[in-house]
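Structure data (mmCIF, C-alpha atoms) from work_23.cif:
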data_coords
#
loop_
_atom_site.label_atom_id
_atom_site.label_comp_id
_atom_site.auth_asym_id
_atom_site.auth_seq_id
_atom_site.Cartn_x
_atom_site.Cartn_y
_atom_site.Cartn_z
CA MET A 1 -40.43 32.46 2.31
CA LYS A 2 -37.88 31.21 4.83
CA PRO A 3 -34.37 32.73 4.95
CA ALA A 4 -32.91 29.27 4.35
CA GLU A 5 -34.46 29.27 0.86
CA PHE A 6 -32.57 32.42 -0.13
CA ALA A 7 -29.36 31.14 1.46
CA LYS A 8 -29.60 27.94 -0.59
CA ARG A 9 -29.89 29.99 -3.78
CA ARG A 10 -26.87 32.12 -2.89
CA ARG A 11 -24.76 29.02 -2.20
CA GLN A 12 -25.78 27.50 -5.53
CA LEU A 13 -24.87 30.68 -7.42
CA MET A 14 -21.51 31.03 -5.66
CA ARG A 15 -20.59 27.45 -6.52
CA MET A 16 -21.10 28.30 -10.19
CA MET A 17 -19.20 31.59 -9.93
CA GLY A 18 -15.98 30.12 -8.57
CA ARG A 19 -13.78 31.43 -5.78
CA ASP A 20 -12.00 34.14 -7.76
CA ALA A 21 -15.17 36.14 -8.42
CA ILE A 22 -17.51 38.72 -6.95
CA ALA A 23 -21.19 39.32 -7.71
CA ILE A 24 -22.87 42.70 -7.27
CA LEU A 25 -26.64 43.18 -7.34
CA PRO A 26 -28.36 46.52 -6.76
CA ALA A 27 -31.94 46.82 -5.52
CA ALA A 28 -34.54 48.37 -7.78
CA PRO A 29 -34.65 52.18 -7.67
CA ILE A 30 -37.65 54.12 -6.44
CA VAL A 31 -39.71 55.37 -9.40
CA LYS A 32 -41.50 58.72 -9.28
CA ARG A 33 -45.14 58.77 -10.41
CA ASN A 34 -45.39 62.54 -10.51
CA ALA A 35 -44.01 65.56 -8.68
CA ASP A 36 -44.35 64.34 -5.11
CA THR A 37 -45.57 60.73 -5.21
CA GLU A 38 -43.98 57.42 -6.08
CA TYR A 39 -45.19 54.21 -7.67
CA PRO A 40 -45.63 51.34 -5.19
CA TYR A 41 -42.18 49.90 -4.66
CA ARG A 42 -41.40 46.58 -6.35
CA GLN A 43 -38.05 44.99 -5.66
CA ASP A 44 -35.75 43.93 -8.52
CA SER A 45 -36.58 40.29 -9.26
CA ASP A 46 -33.00 38.99 -9.28
CA PHE A 47 -32.15 40.92 -6.11
CA TYR A 48 -35.22 39.52 -4.35
CA PHE A 49 -34.51 35.98 -5.58
CA LEU A 50 -31.15 35.98 -3.76
CA THR A 51 -31.94 38.12 -0.71
CA GLY A 52 -35.65 38.31 0.11
CA PHE A 53 -34.91 41.94 1.02
CA GLN A 54 -37.71 44.32 0.02
CA GLU A 55 -36.21 47.77 0.69
CA PRO A 56 -34.80 50.20 -1.89
CA GLU A 57 -31.31 51.73 -1.80
CA ALA A 58 -29.59 48.43 -1.15
CA VAL A 59 -26.79 46.43 -2.77
CA ALA A 60 -26.00 42.75 -2.31
CA VAL A 61 -22.44 41.45 -2.72
CA LEU A 62 -21.46 37.78 -2.97
CA LEU A 63 -17.86 36.78 -2.26
CA PRO A 64 -17.32 33.02 -2.66
CA HIS A 65 -13.69 33.22 -1.50
CA ARG A 66 -14.41 34.81 1.88
CA ALA A 67 -15.29 32.14 4.41
CA GLY A 68 -17.68 33.56 6.99
CA THR A 69 -18.42 36.77 5.06
CA GLU A 70 -19.57 35.49 1.69
CA TYR A 71 -22.76 37.57 1.70
CA ILE A 72 -22.72 41.30 2.40
CA LEU A 73 -25.61 43.75 2.26
CA PHE A 74 -25.38 47.51 1.97
CA VAL A 75 -28.66 48.99 3.21
CA ARG A 76 -30.17 52.25 4.41
CA ASP A 77 -29.16 53.10 7.95
CA ARG A 78 -31.80 53.41 10.64
CA ASP A 79 -33.19 56.94 10.74
CA ALA A 80 -35.96 57.80 13.19
CA THR A 81 -37.11 60.86 11.24
CA ARG A 82 -37.31 59.11 7.86
CA GLU A 83 -38.89 56.04 9.42
CA MET A 84 -41.62 58.25 10.86
CA TRP A 85 -42.46 59.39 7.31
CA ASP A 86 -41.69 56.33 5.18
CA GLY A 87 -41.81 53.27 7.45
CA LEU A 88 -39.38 51.15 9.39
CA ARG A 89 -36.01 50.11 7.99
CA ALA A 90 -34.06 46.96 8.71
CA GLY A 91 -30.75 48.79 8.96
CA PRO A 92 -27.42 46.92 8.96
CA GLU A 93 -28.31 45.08 12.15
CA GLY A 94 -31.60 43.83 10.71
CA ALA A 95 -29.92 42.85 7.45
CA VAL A 96 -27.81 40.41 9.46
CA ALA A 97 -30.37 39.29 12.04
CA THR A 98 -33.42 38.97 9.78
CA TYR A 99 -32.10 38.56 6.23
CA GLY A 100 -29.10 36.35 6.83
CA ALA A 101 -26.30 38.65 5.71
CA ASP A 102 -22.88 37.68 7.05
CA ASP A 103 -22.11 41.38 7.38
CA ALA A 104 -23.90 44.62 6.52
CA PHE A 105 -22.97 48.30 6.15
CA PRO A 106 -24.80 51.58 5.59
CA ILE A 107 -25.34 52.22 1.89
CA ALA A 108 -23.71 55.63 2.38
CA ASP A 109 -20.38 53.83 2.96
CA ILE A 110 -20.40 51.76 -0.24
CA ASP A 111 -17.94 53.96 -2.16
CA GLU A 112 -15.37 53.44 0.58
CA ILE A 113 -15.87 49.71 1.05
CA LEU A 114 -16.77 48.15 -2.28
CA PRO A 115 -13.55 48.97 -4.17
CA GLY A 116 -11.66 46.99 -1.54
CA LEU A 117 -13.98 44.03 -2.09
CA LEU A 118 -13.40 44.24 -5.84
CA GLU A 119 -9.65 44.30 -5.49
CA SER A 120 -7.87 41.10 -6.49
CA ARG A 121 -11.05 39.53 -7.89
CA SER A 122 -10.53 38.39 -11.48
CA ARG A 123 -14.22 38.36 -12.49
CA VAL A 124 -17.16 40.62 -11.68
CA TYR A 125 -20.59 39.06 -12.11
CA TYR A 126 -22.94 41.91 -12.82
CA THR A 127 -25.94 42.62 -15.08
CA MET A 128 -25.10 45.62 -17.23
CA GLY A 129 -27.82 47.83 -18.69
CA LEU A 130 -30.56 47.10 -16.16
CA HIS A 131 -29.78 50.06 -13.87
CA PRO A 132 -27.70 52.50 -15.98
CA GLU A 133 -26.86 54.89 -13.14
CA PHE A 134 -25.49 52.08 -11.01
CA ASP A 135 -23.58 50.73 -14.03
CA GLN A 136 -21.52 53.91 -13.99
CA ARG A 137 -20.68 53.46 -10.31
CA VAL A 138 -19.47 49.89 -10.85
CA ILE A 139 -17.35 50.96 -13.83
CA GLY A 140 -16.00 53.85 -11.77
CA TRP A 141 -14.91 51.55 -8.93
CA VAL A 142 -13.12 49.22 -11.35
CA ASN A 143 -11.46 52.08 -13.24
CA GLY A 144 -10.36 53.59 -9.94
CA LEU A 145 -8.55 50.35 -9.09
CA ARG A 146 -6.95 50.21 -12.53
CA ALA A 147 -5.67 53.76 -12.13
CA GLN A 148 -3.87 52.65 -8.96
CA ALA A 149 -2.18 49.63 -10.55
CA LYS A 150 1.23 51.27 -10.16
CA HIS A 151 0.60 51.37 -6.42
CA GLY A 152 0.10 47.60 -6.36
CA ARG A 153 -3.68 47.45 -6.48
CA HIS A 154 -5.23 44.78 -8.69
CA SER A 155 -8.50 45.24 -10.54
CA PRO A 156 -10.90 42.67 -12.07
CA GLN A 157 -10.04 41.71 -15.63
CA GLU A 158 -13.43 40.44 -16.75
CA PHE A 159 -17.11 41.35 -16.47
CA VAL A 160 -19.48 38.37 -16.71
CA ALA A 161 -23.24 38.64 -17.25
CA LEU A 162 -24.76 37.59 -13.94
CA ASP A 163 -28.18 37.03 -15.47
CA HIS A 164 -26.84 34.16 -17.59
CA LEU A 165 -26.35 32.04 -14.46
CA LEU A 166 -29.11 33.50 -12.35
CA HIS A 167 -31.89 33.23 -14.90
CA ASP A 168 -31.21 29.58 -15.53
CA MET A 169 -31.48 29.02 -11.78
CA ARG A 170 -34.80 30.85 -11.65
CA LEU A 171 -36.23 28.60 -14.35
CA TYR A 172 -36.45 25.64 -11.93
CA LYS A 173 -38.91 26.27 -9.10
CA SER A 174 -38.32 24.85 -5.64
CA ARG A 175 -41.06 23.39 -3.45
CA GLU A 176 -41.32 26.67 -1.55
CA GLU A 177 -41.63 28.65 -4.75
CA ILE A 178 -44.33 26.35 -6.08
CA ALA A 179 -46.20 26.60 -2.78
CA THR A 180 -46.15 30.40 -3.02
CA MET A 181 -47.28 30.30 -6.65
CA ARG A 182 -50.08 27.93 -5.69
CA ARG A 183 -51.32 30.41 -3.08
CA ALA A 184 -51.16 33.25 -5.60
CA ALA A 185 -53.10 31.11 -8.07
CA ALA A 186 -55.78 30.32 -5.48
CA ILE A 187 -56.29 34.03 -4.80
CA SER A 188 -56.58 34.67 -8.53
CA VAL A 189 -59.14 31.90 -8.92
CA THR A 190 -61.35 33.48 -6.24
CA ALA A 191 -60.93 36.91 -7.86
CA HIS A 192 -62.07 35.63 -11.25
CA GLU A 193 -65.03 33.89 -9.62
CA ARG A 194 -66.06 37.19 -8.02
CA ALA A 195 -65.95 38.90 -11.40
CA MET A 196 -68.04 36.15 -13.02
CA ARG A 197 -70.67 36.41 -10.30
CA LEU A 198 -70.89 40.21 -10.55
CA CYS A 199 -71.01 40.29 -14.32
CA ALA A 200 -74.26 41.40 -15.98
CA PRO A 201 -75.29 43.70 -18.82
CA GLY A 202 -74.58 47.33 -17.86
CA VAL A 203 -71.74 46.52 -15.46
CA THR A 204 -68.54 48.24 -16.57
CA GLU A 205 -65.18 46.72 -17.36
CA TYR A 206 -63.61 48.76 -14.57
CA GLN A 207 -66.11 47.43 -12.04
CA LEU A 208 -65.02 43.88 -12.82
CA ALA A 209 -61.38 44.98 -12.60
CA ALA A 210 -62.13 46.50 -9.18
CA GLU A 211 -63.59 43.21 -7.92
CA ILE A 212 -60.45 41.40 -8.96
CA VAL A 213 -58.00 43.88 -7.46
CA HIS A 214 -60.05 43.99 -4.26
CA GLU A 215 -59.66 40.24 -3.87
CA PHE A 216 -55.92 40.50 -4.43
CA HIS A 217 -55.48 43.18 -1.80
CA ARG A 218 -57.70 41.54 0.80
CA ASN A 219 -55.30 38.57 0.64
CA HIS A 220 -52.17 40.74 0.93
CA GLY A 221 -51.43 40.42 -2.78
CA VAL A 222 -51.09 42.93 -5.57
CA PRO A 223 -51.81 42.73 -9.30
CA ALA A 224 -48.98 40.95 -11.10
CA TYR A 225 -49.88 43.24 -14.03
CA GLU A 226 -52.72 45.63 -14.81
CA PRO A 227 -55.85 43.52 -15.33
CA ILE A 228 -57.25 43.29 -18.86
CA VAL A 229 -61.04 43.39 -18.93
CA GLY A 230 -62.24 43.47 -22.52
CA GLY A 231 -65.93 43.29 -23.31
CA GLY A 232 -67.21 42.56 -26.80
CA THR A 233 -64.81 43.56 -29.55
CA ASN A 234 -62.33 44.86 -26.95
CA ALA A 235 -61.41 41.20 -26.35
CA CYS A 236 -59.80 41.24 -29.81
CA ILE A 237 -57.21 43.75 -28.54
CA LEU A 238 -54.55 41.53 -26.97
CA HIS A 239 -53.24 44.12 -24.49
CA TYR A 240 -56.44 46.12 -24.00
CA ARG A 241 -55.90 48.54 -21.12
CA GLU A 242 -58.70 51.11 -20.99
CA ASN A 243 -61.18 48.94 -19.02
CA ALA A 244 -63.69 51.76 -19.50
CA GLN A 245 -66.69 50.37 -21.41
CA ALA A 246 -70.07 49.16 -20.21
CA LEU A 247 -70.70 45.47 -20.91
CA ARG A 248 -73.45 44.65 -23.36
CA ASP A 249 -76.06 41.91 -23.35
CA GLY A 250 -75.04 39.16 -25.80
CA ASP A 251 -71.31 39.94 -25.72
CA LEU A 252 -68.45 38.01 -24.18
CA VAL A 253 -65.96 39.54 -21.75
CA LEU A 254 -62.31 38.47 -21.60
CA ILE A 255 -60.49 38.90 -18.27
CA ASP A 256 -56.73 38.41 -18.06
CA ALA A 257 -55.62 39.03 -14.47
CA GLY A 258 -53.28 37.49 -11.94
CA CYS A 259 -52.25 38.06 -8.35
CA GLU A 260 -48.66 38.57 -7.25
CA LEU A 261 -47.97 37.23 -3.77
CA ASP A 262 -44.57 37.61 -2.08
CA CYS A 263 -43.15 38.62 -5.48
CA TYR A 264 -44.45 35.47 -7.24
CA ALA A 265 -46.97 35.84 -10.05
CA SER A 266 -50.04 34.02 -11.28
CA ASP A 267 -51.65 34.61 -14.67
CA ILE A 268 -55.20 33.56 -15.58
CA THR A 269 -57.49 34.33 -18.51
CA ARG A 270 -61.13 33.38 -18.83
CA THR A 271 -63.70 34.48 -21.42
CA PHE A 272 -67.35 34.29 -20.43
CA PRO A 273 -70.79 35.61 -21.49
CA VAL A 274 -71.93 38.92 -20.05
CA ASN A 275 -75.49 37.61 -19.63
CA GLY A 276 -74.41 34.21 -18.32
CA ARG A 277 -75.22 32.18 -21.45
CA TYR A 278 -73.00 31.50 -24.48
CA SER A 279 -74.63 31.95 -27.87
CA PRO A 280 -74.20 29.02 -30.30
CA ALA A 281 -71.43 30.85 -32.19
CA GLN A 282 -69.65 31.88 -29.00
CA ARG A 283 -69.81 28.36 -27.61
CA ALA A 284 -68.56 26.82 -30.85
CA LEU A 285 -65.49 29.09 -31.00
CA TYR A 286 -64.89 28.75 -27.26
CA GLU A 287 -64.84 24.95 -27.47
CA VAL A 288 -62.15 25.10 -30.17
CA VAL A 289 -59.94 27.23 -27.90
CA LEU A 290 -60.66 25.00 -24.91
CA GLU A 291 -59.78 21.85 -26.86
CA ALA A 292 -56.55 23.53 -27.99
CA GLN A 293 -55.67 24.49 -24.43
CA LEU A 294 -56.27 21.00 -23.08
CA ALA A 295 -54.16 19.53 -25.89
CA ALA A 296 -51.36 21.98 -25.08
CA ILE A 297 -51.48 21.27 -21.34
CA ALA A 298 -51.20 17.55 -22.07
CA GLN A 299 -47.85 18.26 -23.76
CA CYS A 300 -46.37 19.94 -20.66
CA ARG A 301 -44.45 16.85 -19.65
CA PRO A 302 -40.77 16.19 -19.00
CA GLY A 303 -38.89 15.21 -22.12
CA ASN A 304 -41.13 17.20 -24.43
CA HIS A 305 -39.80 20.40 -25.95
CA TRP A 306 -40.93 23.94 -25.18
CA ASN A 307 -42.66 24.21 -28.55
CA ASP A 308 -44.69 21.00 -28.23
CA PRO A 309 -47.61 22.65 -26.36
CA HIS A 310 -47.73 25.38 -29.01
CA ASP A 311 -47.66 22.85 -31.85
CA ALA A 312 -50.57 20.97 -30.23
CA ALA A 313 -52.59 24.18 -29.85
CA VAL A 314 -51.87 25.26 -33.43
CA ARG A 315 -52.99 21.92 -34.83
CA THR A 316 -56.22 21.92 -32.83
CA ILE A 317 -57.07 25.54 -33.60
CA THR A 318 -56.34 25.13 -37.29
CA GLN A 319 -58.57 22.05 -37.44
CA GLY A 320 -61.26 23.99 -35.58
CA LEU A 321 -61.03 26.92 -37.97
CA VAL A 322 -61.52 24.53 -40.86
CA SER A 323 -64.55 22.94 -39.18
CA LEU A 324 -66.13 26.35 -38.55
CA GLY A 325 -65.60 27.58 -42.09
CA PHE A 326 -62.71 30.01 -41.54
CA LEU A 327 -60.25 27.94 -43.58
CA SER A 328 -60.31 25.23 -46.19
CA GLY A 329 -57.60 22.90 -47.45
CA LYS A 330 -55.24 20.24 -46.20
CA LEU A 331 -54.46 20.61 -42.50
CA SER A 332 -50.69 20.11 -42.76
CA LYS A 333 -50.43 22.69 -45.56
CA LEU A 334 -52.50 25.24 -43.65
CA ILE A 335 -50.27 24.82 -40.58
CA LYS A 336 -47.07 25.06 -42.62
CA GLU A 337 -48.31 28.26 -44.29
CA GLY A 338 -49.41 29.75 -40.95
CA ALA A 339 -52.96 30.28 -42.18
CA TYR A 340 -54.20 30.28 -38.57
CA ARG A 341 -52.12 33.35 -37.65
CA GLN A 342 -54.80 35.80 -38.77
CA TRP A 343 -56.84 34.66 -35.76
CA PHE A 344 -54.21 33.12 -33.46
CA MET A 345 -51.22 35.43 -33.66
CA HIS A 346 -49.34 34.82 -30.40
CA ARG A 347 -47.44 32.01 -28.75
CA THR A 348 -49.26 29.53 -26.52
CA GLY A 349 -47.45 30.46 -23.32
CA HIS A 350 -44.45 31.83 -21.46
CA TRP A 351 -42.35 31.05 -18.41
CA LEU A 352 -43.91 32.12 -15.10
CA GLY A 353 -42.39 32.91 -11.71
CA ILE A 354 -41.13 36.04 -9.98
CA ASP A 355 -41.86 37.86 -13.24
CA VAL A 356 -45.10 37.26 -15.11
CA HIS A 357 -43.09 36.70 -18.27
CA ASP A 358 -40.35 35.02 -16.31
CA VAL A 359 -36.71 34.67 -17.26
CA GLY A 360 -35.15 31.65 -18.93
CA ASP A 361 -34.14 30.74 -22.46
CA TYR A 362 -36.75 29.13 -24.68
CA LYS A 363 -34.04 27.65 -26.86
CA VAL A 364 -30.68 26.07 -26.08
CA GLY A 365 -28.59 26.69 -29.14
CA ASP A 366 -30.89 26.17 -32.09
CA ALA A 367 -33.13 23.62 -30.36
CA TRP A 368 -36.25 24.24 -28.30
CA ARG A 369 -35.61 23.71 -24.60
CA VAL A 370 -36.55 20.36 -23.11
CA LEU A 371 -39.21 20.62 -20.41
CA GLU A 372 -38.09 19.42 -16.97
CA PRO A 373 -39.76 19.02 -13.58
CA GLY A 374 -40.00 22.30 -11.70
CA MET A 375 -40.48 24.51 -14.74
CA ALA A 376 -43.53 26.78 -14.60
CA LEU A 377 -45.35 28.11 -17.63
CA THR A 378 -48.66 29.47 -18.82
CA VAL A 379 -50.81 27.82 -21.46
CA GLU A 380 -52.99 30.38 -23.24
CA PRO A 381 -54.22 29.77 -26.77
CA GLY A 382 -56.81 32.11 -28.23
CA ILE A 383 -58.84 33.05 -31.27
CA TYR A 384 -59.53 36.70 -32.05
CA VAL A 385 -61.90 37.63 -34.88
CA ALA A 386 -61.80 41.37 -35.56
CA PRO A 387 -65.19 42.90 -36.36
CA SER A 388 -63.79 44.04 -39.71
CA CYS A 389 -62.54 40.56 -40.67
CA LEU A 390 -64.57 39.85 -43.82
CA SER A 391 -62.78 36.53 -44.38
CA ALA A 392 -64.39 35.07 -41.25
CA PRO A 393 -67.94 33.74 -41.11
CA LYS A 394 -70.23 36.60 -40.14
CA GLU A 395 -71.52 35.07 -36.91
CA PHE A 396 -68.00 34.97 -35.43
CA ARG A 397 -66.90 38.53 -36.22
CA GLY A 398 -66.09 40.63 -33.15
CA ILE A 399 -65.52 37.61 -30.88
CA GLY A 400 -62.24 37.31 -28.95
CA ILE A 401 -61.53 34.29 -26.76
CA ARG A 402 -58.48 33.31 -24.70
CA ILE A 403 -58.17 30.66 -22.00
CA GLU A 404 -55.09 30.66 -19.77
CA ASP A 405 -53.87 28.54 -16.88
CA ASP A 406 -50.63 28.20 -14.90
CA VAL A 407 -48.87 24.85 -15.16
CA ILE A 408 -45.98 23.21 -13.31
CA VAL A 409 -44.07 20.48 -15.13
CA THR A 410 -43.81 17.47 -12.82
CA ARG A 411 -42.37 13.97 -13.17
CA ASP A 412 -45.86 12.81 -14.04
CA THR A 413 -48.99 14.65 -15.20
CA PRO A 414 -48.94 18.46 -15.45
CA ASP A 415 -49.88 20.30 -12.25
CA VAL A 416 -52.42 22.99 -13.21
CA LEU A 417 -52.19 25.51 -10.37
CA THR A 418 -55.27 27.40 -11.57
CA GLY A 419 -57.35 24.34 -12.41
CA ALA A 420 -59.99 25.09 -9.76
CA LEU A 421 -61.42 27.93 -11.83
CA ALA A 422 -64.40 27.01 -14.00
CA LYS A 423 -63.36 26.57 -17.63
CA THR A 424 -65.87 24.55 -19.61
CA PRO A 425 -68.85 26.51 -20.97
CA ASP A 426 -71.28 24.53 -18.81
CA ALA A 427 -69.23 25.05 -15.62
CA ILE A 428 -68.96 28.79 -16.27
CA GLU A 429 -72.67 29.10 -16.92
CA ARG A 430 -73.46 27.24 -13.69
CA LEU A 431 -71.12 29.46 -11.68
CA MET A 432 -72.65 32.63 -13.11
CA ALA A 433 -76.19 31.37 -12.56
CA ALA A 434 -75.44 30.61 -8.92
CA GLY A 435 -74.61 34.31 -8.40
#
Since I need it in another form, could you write the structure as structure tokens?
Amino acid sequence: MKPAEFAKRRRQLMRMMGRDAIAILPAAPIVKRNADTEYPYRQDSDFYFLTGFQEPEAVAVLLPHRAGTEYILFVRDRDATREMWDGLRAGPEGAVATYGADDAFPIADIDEILPGLLESRSRVYYTMGLHPEFDQRVIGWVNGLRAQAKHGRHSPQEFVALDHLLHDMRLYKSREEIATMRRAAAISVTAHERAMRLCAPGVTEYQLAAEIVHEFHRNHGVPAYEPIVGGGTNACILHYRENAQALRDGDLVLIDAGCELDCYASDITRTFPVNGRYSPAQRALYEVVLEAQLAAIAQCRPGNHWNDPHDAAVRTITQGLVSLGFLSGKLSKLIKEGAYRQWFMHRTGHWLGIDVHDVGDYKVGDAWRVLEPGMALTVEPGIYVAPSCLSAPKEFRGIGIRIEDDVIVTRDTPDVLTGALAKTPDAIERLMAAG
């Protein structure tokens, strides 16, 4: 993503902050996996959104009142020895030249410099509680200024939650963001196609997961979350993680997996037959979920409310459950009583962006948020019939189905970023038969 994109975001945030304020954002800390290894580094989403900077041990400072030095980065200094072990660093010079900082300093100097930047600012925009150790440093700098009030130093009088402003900004995706999400979605589509083509009785869940992750990495992406590959009754476990079982002839397999590219996520779920052919019961239940998903996607239009896609999915699924013999009674009464929740127990989607479950309020006050162009969300209804569910018709017990796509709200029809992936039963069967 171009530096100008990040600069535009910083300018927008500083306009909302006002001139008498300062914003402080720390980078994500390095997380140890065990004694001498670390988890792959993933930058803090808010920090990345404003800076594009991918290194740890960094702090971004925004100063709307300082013409010419509104944006300061504290970063790791260049160090030939550490770079030999851990990789190249941008250093202060690179923070300015490559990442657009107006000025940059070694992170080791932050305790000397940052209190002076805080002085005489009335408001500090900062997200408390996200990085507890850094919270204490910020509080220490402010308290240090307060302790010197008798010497004429002025400290901020107010802390303001930075995420309140920032997360509303992140809810509306720019053209560049949508383009990145579209590329991530395309990689995910190809990954799911690979898994469908490999699938056969005796193949393991982890082998399908490996196909998917391989496709992500070969396109310079990473998993946006650990893939869920649930064969048979494992598909009824919403966050199934083991991915350890062999797939059986006659079962379905549910795959929920998405690629993250340049810190932007995709999120796809498909449910398909291990042997390449849906049984009559599997197809019947699948078509209910598919009809519900299409009805929900059709509601992803500007002017509709966040809950409208969910309401559409609930109505379709409840009607389908009646038709298949799960429920009986008047449709409106069944919906009001939540009779469908035994088999459809989650919401129909979530915001999508830098985080898989991206930031942004779902309600404004007591009302569901109005959908607007640029918002990105998933649409993912499902039906899950536990094998022990005696209230369900016998032929459906042990079947779990979810269908999920990524959608951008536009001024016109919804833009389904993941729409290239086969979704109807016939299309999936053709893809699997082609090998």
Test item: the PyMOL selection byres ((chain A and resi 98-115) around 6) resolved as a list in words: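 Applying the PyMOL selection byres ((chain A and resi 98-115) around 6) to the structure shown produces Thr69, Tyr71, Ile72, Leu73, Phe74, Val75, Arg76, Asp77, Pro92, Gly94, Ala95, Val96, Ala97, Gly116, Leu117, Leu118 and Trp141 of chain A.
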Residue members of the PyMOL selection byres ((chain A and resi 178) around 10) in the file shown, as a PyMOL selection string: chain A and resi 172-177+179-184+264+353+374-376+408+417
Matched chain/residue IDs from the PyMOL selection byres ((chain A and resi 289) around 7), as a PyMOL selection string: chain A and resi 285-288+290-293+317+381-383
Save the residues we just selected, C-alpha atoms, as an mmCIF file, keeping the file's coordinate frame?
data_model
loop_
_atom_site.group_PDB
_atom_site.id
_atom_site.type_symbol
_atom_site.label_atom_id
_atom_site.label_comp_id
_atom_site.auth_asym_id
_atom_site.auth_seq_id
_atom_site.Cartn_x
_atom_site.Cartn_y
_atom_site.Cartn_z
ATOM 1 C CA LEU A 285 -65.490 29.090 -31.000
ATOM 2 C CA TYR A 286 -64.890 28.750 -27.260
ATOM 3 C CA GLU A 287 -64.840 24.950 -27.470
ATOM 4 C CA VAL A 288 -62.150 25.100 -30.170
ATOM 5 C CA LEU A 290 -60.660 25.000 -24.910
ATOM 6 C CA GLU A 291 -59.780 21.850 -26.860
ATOM 7 C CA ALA A 292 -56.550 23.530 -27.990
ATOM 8 C CA GLN A 293 -55.670 24.490 -24.430
ATOM 9 C CA ILE A 317 -57.070 25.540 -33.600
ATOM 10 C CA PRO A 381 -54.220 29.770 -26.770
ATOM 11 C CA GLY A 382 -56.810 32.110 -28.230
ATOM 12 C CA ILE A 383 -58.840 33.050 -31.270
#
Nearest to Leu252 of chain A, chosen from A:Val379, A:Ala191, A:Met1, A:Ile401, with all atoms listed in the file counted in the distances: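 Checking each candidate against Leu252 of chain A, we get A:Ile401 as the closest.
Atom CA of Glu57 of chain A is found 15.1 Å from atom CA of Leu130 of chain A.
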Distance query 8 Å from (-69.2, 31.9, -24.8) using only C-alpha atoms, result as a list in words: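 Here the neighbourhood of the point contains Leu252, Thr271, Phe272, Pro273, Arg277, Tyr278, Ser279, Pro280, Ala281, Gln282, Arg283, Ala284, Leu285, Tyr286 and Pro425 of chain A.
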Store the residues picked out above, limited to C-alpha atoms, as a compact mmCIF listing (two decimals), in the frame of the given file.
# COMPACT_ATOMS: atom_id res chain seq x y z
CA LEU A 252 -68.45 38.01 -24.18
CA THR A 271 -63.70 34.48 -21.42
CA PHE A 272 -67.35 34.29 -20.43
CA PRO A 273 -70.79 35.61 -21.49
CA ARG A 277 -75.22 32.18 -21.45
CA TYR A 278 -73.00 31.50 -24.48
CA SER A 279 -74.63 31.95 -27.87
CA PRO A 280 -74.20 29.02 -30.30
CA ALA A 281 -71.43 30.85 -32.19
CA GLN A 282 -69.65 31.88 -29.00
CA ARG A 283 -69.81 28.36 -27.61
CA ALA A 284 -68.56 26.82 -30.85
CA LEU A 285 -65.49 29.09 -31.00
CA TYR A 286 -64.89 28.75 -27.26
CA PRO A 425 -68.85 26.51 -20.97
10 Å contact set for Cys199 of chain A, only C-alpha atoms, chain neighbours under 5 positions out, as number ranges by chain: A: 193-194, 204-205, 207-208, 247, 253, 272-276, 432, 435
Residues near Gly303 of chain A, cut-off 10 Å, all atoms listed in the file, skip fewer than 2 positions along chain, as a list in words: Gln299, Cys300, Arg301, His305, Trp306, Arg369, Val370, Leu371, Glu372, Pro373 and Arg411 of chain A
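For the residues A:Gly320, A:Lys394, A:Ile237, A:Ile297, ranking by smallest atom-to-atom distance to Thr413 of chain A using only C-alpha atoms places A:Ile297 first.
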Distance query 7 Å from (-61.3, 35.6, -40.7) using all atoms listed in the file, result as an MDAnalysis selection string: chainID A and resid 326 342:343 385 389:393
Writing out the chosen residues with C-alpha atoms as a PDB file, in the frame of the given file:
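And here is the file that came out, result_14.pdb:
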ATOM      1  CA  PHE A 326     -62.710  30.010 -41.540  1.00  0.00           C
ATOM      2  CA  GLN A 342     -54.800  35.800 -38.770  1.00  0.00           C
ATOM      3  CA  TRP A 343     -56.840  34.660 -35.760  1.00  0.00           C
ATOM      4  CA  VAL A 385     -61.900  37.630 -34.880  1.00  0.00           C
ATOM      5  CA  CYS A 389     -62.540  40.560 -40.670  1.00  0.00           C
ATOM      6  CA  LEU A 390     -64.570  39.850 -43.820  1.00  0.00           C
ATOM      7  CA  SER A 391     -62.780  36.530 -44.380  1.00  0.00           C
ATOM      8  CA  ALA A 392     -64.390  35.070 -41.250  1.00  0.00           C
ATOM      9  CA  PRO A 393     -67.940  33.740 -41.110  1.00  0.00           C
TER      10      PRO A 393
END
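Take the candidates A:Ala35, A:Ala186, A:Ala60, A:Cys236 and check each one against Leu421 of chain A using all atoms listed in the file; the shortest distance goes to A:Ala186.
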Segment 360-366 of chain A surroundings by all atoms listed in the file, 10 Å radius, close-in-sequence under 5 positions cut, as a list in words: Asp163, His164, Leu165, Leu166, His167, Asp168, Met169, Arg170, Leu171, Tyr172, His305, Trp306, Asn307, His350, Trp351, Leu352, Leu371 and Met375 of chain A
Between atom CA of Pro64 of chain A and atom CA of Phe159 of chain A - distance in Å to one decimal: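 Those two atoms sit 16.1 Å apart.
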